[in-house]
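Enquirer: Quick one, target_19.txt (compact mmCIF, C-alpha atoms):
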```txt
# COMPACT_ATOMS: atom_id res chain seq x y z
CA MET S 281 134.14 255.69 5.28
CA HIS S 282 135.99 252.55 6.42
CA PHE S 283 134.03 252.47 9.73
CA LYS S 284 130.73 253.02 7.92
CA LYS S 285 131.43 250.26 5.42
CA LYS S 286 132.85 247.69 7.87
CA PHE S 287 130.66 248.30 10.90
CA SER S 288 127.93 250.94 10.75
CA ASP S 289 126.14 249.83 7.57
CA PRO S 290 126.22 246.05 8.26
CA VAL S 291 124.92 246.56 11.82
CA GLU S 292 122.17 248.91 10.64
CA ARG S 293 121.03 246.51 7.90
CA GLY S 294 121.08 243.60 10.34
CA GLN S 295 118.73 245.41 12.73
CA ARG S 296 115.99 246.06 10.19
CA HIS S 297 112.83 243.95 10.52
CA THR S 298 113.17 243.11 6.80
CA ALA S 299 116.76 241.86 7.19
CA THR S 300 117.69 238.57 5.50
CA LYS S 301 119.45 235.77 7.39
CA ARG S 302 122.73 236.75 5.75
CA GLU S 303 122.32 240.42 6.76
CA LEU S 304 121.50 239.34 10.32
CA ALA S 305 124.62 237.16 10.52
CA THR S 306 126.84 239.85 8.93
CA GLY S 307 125.48 242.47 11.33
CA ARG S 308 126.10 240.32 14.40
CA THR S 309 129.63 239.49 13.24
CA ALA S 310 130.36 243.21 12.75
CA MET S 311 129.07 243.97 16.27
CA VAL S 312 131.28 241.29 17.82
CA LYS S 313 134.37 242.55 15.94
CA LEU S 314 133.66 246.14 16.96
CA ALA S 315 133.17 245.16 20.61
CA ARG S 316 136.53 243.31 20.60
CA LYS S 317 138.35 246.28 19.08
CA MET S 318 136.80 248.75 21.52
CA SER S 319 137.30 246.63 24.65
CA SER S 320 141.04 247.39 24.80
CA TRP S 321 140.27 251.13 24.98
CA PHE S 322 137.96 250.96 28.00
CA LEU S 323 138.96 250.97 31.65
CA ARG S 324 136.32 249.38 33.84
CA ARG S 325 136.35 249.15 37.60
CA THR S 326 134.20 246.32 38.93
CA LYS S 327 133.06 245.73 42.51
CA VAL S 328 135.41 242.74 42.70
CA LEU S 329 138.38 245.14 42.81
CA ILE S 330 137.07 246.92 45.92
CA SER S 331 135.09 244.10 47.53
CA ASP S 332 137.48 243.92 50.49
CA GLN S 333 136.79 247.64 51.21
CA LEU S 334 133.00 247.33 51.24
CA PRO S 335 130.89 246.29 54.25
CA LYS S 336 129.09 242.98 54.04
CA LYS S 337 125.84 243.35 52.13
CA GLU S 338 122.65 241.74 53.38
CA ASP S 339 119.48 241.79 51.27
CA ARG S 340 116.14 241.45 53.04
CA MET S 341 112.83 241.58 51.25
CA VAL S 342 109.96 242.84 53.40
CA TYR S 343 106.39 242.18 52.26
CA CYS S 344 103.99 244.97 53.21
CA SER S 345 100.24 244.41 53.44
CA LEU S 346 97.86 247.07 52.16
CA THR S 347 96.10 249.16 54.79
CA GLU S 348 92.32 248.89 55.04
CA PHE S 349 92.04 252.23 53.24
CA GLN S 350 94.29 251.03 50.39
CA LYS S 351 92.30 247.80 50.08
CA ALA S 352 89.07 249.77 49.84
CA VAL S 353 90.49 252.06 47.12
CA TYR S 354 92.08 249.11 45.26
CA GLU S 355 88.79 247.20 45.25
CA ALA S 356 86.92 250.34 44.18
CA VAL S 357 89.25 250.64 41.17
CA LEU S 358 88.60 246.99 40.31
CA ARG S 359 84.87 247.69 40.32
CA THR S 360 85.12 250.48 37.72
CA GLU S 361 83.51 249.97 34.33
CA ASP S 362 86.88 250.11 32.53
CA VAL S 363 88.53 247.41 34.67
CA SER S 364 85.45 245.21 34.35
CA LEU S 365 85.75 245.56 30.58
CA VAL S 366 89.40 244.47 30.72
CA LEU S 367 88.81 241.54 33.09
CA ARG S 368 85.93 240.17 30.99
CA ALA S 369 87.68 240.70 27.64
CA GLY S 370 88.23 236.97 27.09
CA GLU S 371 84.65 235.89 27.84
CA PRO S 372 82.20 234.88 25.06
CA CYS S 373 80.41 237.92 23.65
CA SER S 374 76.79 238.45 24.76
CA CYS S 375 75.66 238.73 21.12
CA ASN S 376 76.19 234.93 20.71
CA SER S 377 78.53 235.44 17.75
CA GLY S 378 80.91 232.82 19.13
CA ARG S 379 83.72 235.38 19.42
CA ILE S 380 85.23 236.75 22.63
CA ARG S 381 84.11 240.16 23.89
CA LYS S 382 87.27 242.13 23.02
CA LYS S 383 87.09 240.97 19.39
CA CYS S 384 83.40 241.59 18.99
CA CYS S 385 81.05 244.13 20.64
CA TYR S 386 83.38 245.25 23.47
CA LYS S 387 86.54 246.39 21.67
CA MET S 388 86.45 249.83 23.33
CA ASN S 389 84.94 251.52 26.35
CA SER S 390 82.28 254.25 26.25
CA HIS S 391 85.02 256.85 25.71
CA GLY S 392 86.44 255.12 22.61
CA GLU S 393 89.56 253.76 24.36
CA THR S 394 90.84 250.30 23.39
CA ILE S 395 91.18 247.35 25.76
CA LYS S 396 94.98 247.37 25.28
CA SER S 397 95.35 251.03 26.29
CA LEU S 398 93.14 250.47 29.33
CA GLN S 399 95.22 247.48 30.47
CA PHE S 400 98.48 249.41 30.79
CA SER S 401 96.85 252.53 32.17
CA TYR S 402 94.95 250.75 34.95
CA LEU S 403 97.92 248.55 35.84
CA THR S 404 99.82 251.78 36.53
CA ILE S 405 96.91 253.14 38.58
CA LEU S 406 96.72 249.94 40.68
CA GLN S 407 100.49 250.05 41.17
CA LYS S 408 100.20 253.61 42.48
CA VAL S 409 97.42 252.64 44.89
CA ALA S 410 99.56 249.73 46.17
CA ASN S 411 102.46 252.12 46.84
CA HIS S 412 100.59 255.12 48.25
CA VAL S 413 97.12 256.45 47.44
CA ALA S 414 98.55 259.99 47.39
CA LEU S 415 100.29 259.09 44.10
CA LEU S 416 96.94 259.34 42.34
CA GLN S 417 97.64 262.88 41.29
CA THR S 418 97.68 264.16 37.72
CA ASP S 419 100.94 266.14 37.62
CA ASN S 420 103.50 265.01 35.01
CA THR S 421 101.39 262.17 33.61
CA SER S 422 100.28 261.46 30.06
CA LYS S 423 97.02 262.98 28.84
CA GLN S 424 95.38 259.55 28.67
CA GLN S 425 96.63 258.59 32.14
CA GLU S 426 95.39 261.93 33.50
CA THR S 427 91.93 261.26 32.04
CA HIS S 428 91.77 257.79 33.61
CA ILE S 429 93.02 259.01 37.00
CA LYS S 430 90.48 261.84 37.13
CA ARG S 431 87.73 259.37 36.26
CA VAL S 432 88.92 256.93 38.95
CA CYS S 433 89.23 259.67 41.57
CA ASN S 434 85.73 260.95 40.89
CA GLU S 435 84.26 257.46 41.03
CA VAL S 436 86.35 256.00 43.86
CA PHE S 437 86.92 258.81 46.34
CA SER S 438 83.26 259.80 46.53
CA SER S 439 83.02 256.83 48.92
CA PHE S 440 85.73 258.32 51.18
CA PRO S 441 84.58 261.80 52.28
CA ASP S 442 87.27 262.12 55.00
CA PHE S 443 90.03 261.54 52.46
CA MET S 444 88.39 263.97 50.02
CA LYS S 445 88.37 266.69 52.71
CA LEU S 446 92.02 266.02 53.56
CA SER S 447 93.06 266.16 49.90
CA LYS S 448 91.35 269.55 49.56
CA ASP S 449 93.01 270.95 52.68
CA ALA S 450 96.48 269.87 51.46
CA ALA S 451 98.06 268.86 48.17
CA PHE S 452 97.80 265.14 47.39
CA GLU S 453 101.53 264.53 47.71
CA THR S 454 101.57 265.98 51.24
CA ILE S 455 99.29 263.25 52.63
CA SER S 456 102.10 261.38 54.37
CA ASP S 457 100.12 259.73 57.16
CA PRO S 458 101.23 256.05 57.26
CA LYS S 459 97.60 254.90 57.54
CA TYR S 460 97.25 255.62 53.82
CA SER S 461 100.06 253.21 52.89
CA GLY S 462 101.15 249.79 54.18
CA LYS S 463 104.70 250.47 52.99
CA MET S 464 104.78 253.71 54.97
CA ARG S 465 103.73 251.85 58.11
CA VAL S 466 106.59 249.37 57.72
CA LEU S 467 109.01 252.16 56.81
CA GLN S 468 108.04 254.06 59.95
CA GLN S 469 109.00 251.06 62.10
CA LEU S 470 112.26 250.50 60.20
CA LEU S 471 113.29 254.16 60.51
CA ASN S 472 112.61 254.11 64.26
CA HIS S 473 114.81 251.00 64.54
CA PHE S 474 117.67 252.52 62.50
CA ARG S 475 117.48 255.84 64.36
CA LYS S 476 117.96 254.08 67.69
CA LYS S 477 121.08 252.39 66.25
CA LYS S 478 122.18 255.74 64.75
CA ASP S 479 122.52 254.11 61.34
CA LYS S 480 122.62 256.07 58.09
CA VAL S 481 119.65 255.31 55.80
CA LEU S 482 119.36 255.74 52.03
CA LEU S 483 115.77 255.66 50.74
CA PHE S 484 115.60 255.00 47.00
CA SER S 485 112.49 255.48 44.87
CA PHE S 486 111.82 255.32 41.15
CA SER S 487 108.99 257.80 41.66
CA THR S 488 109.88 261.40 42.58
CA LYS S 489 106.24 261.84 43.63
CA LEU S 490 106.78 259.16 46.25
CA LEU S 491 109.92 261.02 47.33
CA ASP S 492 107.67 264.07 47.85
CA VAL S 493 105.50 261.98 50.18
CA LEU S 494 108.56 260.68 52.05
CA GLU S 495 109.92 264.21 52.33
CA GLN S 496 106.66 265.42 53.86
CA TYR S 497 106.71 262.47 56.26
CA CYS S 498 110.26 263.32 57.38
CA MET S 499 109.29 266.96 57.89
CA ALA S 500 106.13 266.06 59.81
CA SER S 501 108.13 263.65 62.01
CA GLY S 502 110.90 266.18 62.68
CA LEU S 503 113.54 264.02 60.95
CA ASP S 504 116.63 265.71 59.54
CA PHE S 505 117.22 264.53 55.99
CA ARG S 506 118.73 265.38 52.62
CA ARG S 507 117.43 264.72 49.11
CA LEU S 508 119.05 263.93 45.74
CA ASP S 509 117.08 263.79 42.50
CA GLY S 510 117.25 265.00 38.90
CA ASN S 511 116.50 268.58 39.95
CA THR S 512 119.46 268.77 42.34
CA LYS S 513 122.13 271.07 40.92
CA SER S 514 125.51 269.44 40.33
CA GLU S 515 127.27 271.95 42.62
CA ASP S 516 124.84 271.04 45.44
CA ARG S 517 125.26 267.27 45.15
CA ILE S 518 128.75 267.10 46.65
CA ARG S 519 127.68 269.34 49.54
CA ILE S 520 124.60 267.18 50.23
CA VAL S 521 126.62 263.95 50.19
CA ARG S 522 129.24 265.44 52.52
CA GLU S 523 126.61 266.69 54.95
CA PHE S 524 124.90 263.30 54.98
CA ASN S 525 128.20 261.49 55.63
CA ARG S 526 129.62 263.90 58.22
CA VAL S 527 126.67 265.29 60.22
CA GLN S 528 125.48 262.70 62.73
CA GLU S 529 121.98 264.20 63.05
CA ILE S 530 121.36 263.80 59.30
CA ASN S 531 120.75 260.07 58.99
CA ILE S 532 118.28 259.90 56.08
CA CYS S 533 118.90 260.66 52.41
CA LEU S 534 116.10 260.43 49.84
CA VAL S 535 117.41 259.39 46.41
CA SER S 536 115.70 259.12 43.04
CA THR S 537 116.83 256.08 41.02
CA MET S 538 116.11 258.10 37.87
```
Let me see the structure of the file written as structure tokens.

Expert:
Amino acid sequence: MHFKKKFSDPVERGQRHTATKRELATGRTAMVKLARKMSSWFLRRTKVLISDQLPKKEDRMVYCSLTEFQKAVYEAVLRTEDVSLVLRAGEPCSCNSGRIRKKCCYKMNSHGETIKSLQFSYLTILQKVANHVALLQTDNTSKQQETHIKRVCNEVFSSFPDFMKLSKDAAFETISDPKYSGKMRVLQQLLNHFRKKKDKVLLFSFSTKLLDVLEQYCMASGLDFRRLDGNTKSEDRIRIVREFNRVQEINICLVSTM
């Protein structure tokens, strides 16, 4: 009861959108007091404590151009009716009402989807194309995203019969040929460089689908690798890490940042 009265309730009231200035101030004060009390009970190891044991870190940002195929797909997405609707949303409406299109006659597309929902959905689609075209698959995506992707694939890939045939012969995520991704081309060169130096390489990706593509690339290239993601069993993780550290031939580990 004491904790609820002194900390929980004031903090909760201070976080409501209807909170008064006094409730906001009281809530913040309670949070600061609680943080001070709890700080003495936490042990935290920072990198400063072990900095002398770590190798020197060097960050290099490499900019990767899109391949011609990626550019063609990217531009095809930009030419879709939905993206055109989004890009022209701020223009004066054609009905001469004096209002902009998105607040007048063009609030939704022909499928009843709002401009706002289209913006986020197509940004994600363009991001996938920029990473690897093979990411335009519909597994584990939202229903709305799946609808948009199917529509884009039908409209865009009809112009690329060779890619359509390849995607039918193999699952989308297995298309690991670097010509479909500028990042894969650069990665191929980097991996060749690191292999010659016998360096260990950790490849991190937010997307497990992209890890699937990288895994297929490693297999197709005859590279020995290991993989860690959310589906890796806890009892297997230690074994995988040990193998990666100890076996010289295993110099690549694919890791999901999730």

Enquirer: Using CA of Asn389 in chain S and CA of Asn411 in chain S as the two end points, give the distance in Å to one decimal.

Expert: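 Spanning CA of Asn389 in chain S to CA of Asn411 in chain S is a straight-line distance of 27.0 Å.
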
Enquirer: Tell me, in Å to one decimal, how far CA of Val366 in chain S is from CA of Lys408 in chain S.

Expert: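 CA of Val366 in chain S sits 18.4 Å away from CA of Lys408 in chain S.
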
Enquirer: Name the residues in contact with Thr309 in chain S at a cut-off of 12 Å, using all atoms listed in the file, excluding same-chain residues fewer than 2 positions from it; report them as a ChimeraX atom specification.

Expert: /S:286-288,290-291,294,302-307,311-316

Enquirer: Quick one: distance from CA of Val363 in chain S to CA of Tyr402 in chain S in Å, one decimal?

Expert: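 Distance reported for this atom pair: 7.2 Å.
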
Enquirer: Skipping near chain neighbours, those fewer than 5 positions away, what residues fall within 9 Å of Tyr354 in chain S using only C-alpha atoms, listed as a ChimeraX atom specification?

Expert: /S:349,359,406,409-410

Enquirer: Got a sec: who's within 7 Å of range 464-481 of chain S, counting all atoms listed in the file, leaving out chain neighbours fewer than 5 positions off, as a list in words?

Expert: Cys344, Pro458, Lys459, Asn531, Ile532 and Cys533 of chain S

Enquirer: When distances are computed from only C-alpha atoms, which of S:Cys433, S:Ala369, S:Arg522, S:Met281 shows the smallest separation from Thr394 in chain S?

Expert: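 Ranking S:Cys433, S:Ala369, S:Arg522, S:Met281 by distance to Thr394 in chain S, first place goes to S:Ala369.
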
Enquirer: Quick one: of S:Asp289, S:Glu348, S:Asp339, S:Asp457, who's nearest to Leu494 in chain S, counting only C-alpha atoms?

Expert: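 Residue with the minimum atom-to-atom distance to Leu494 in chain S: S:Asp457.
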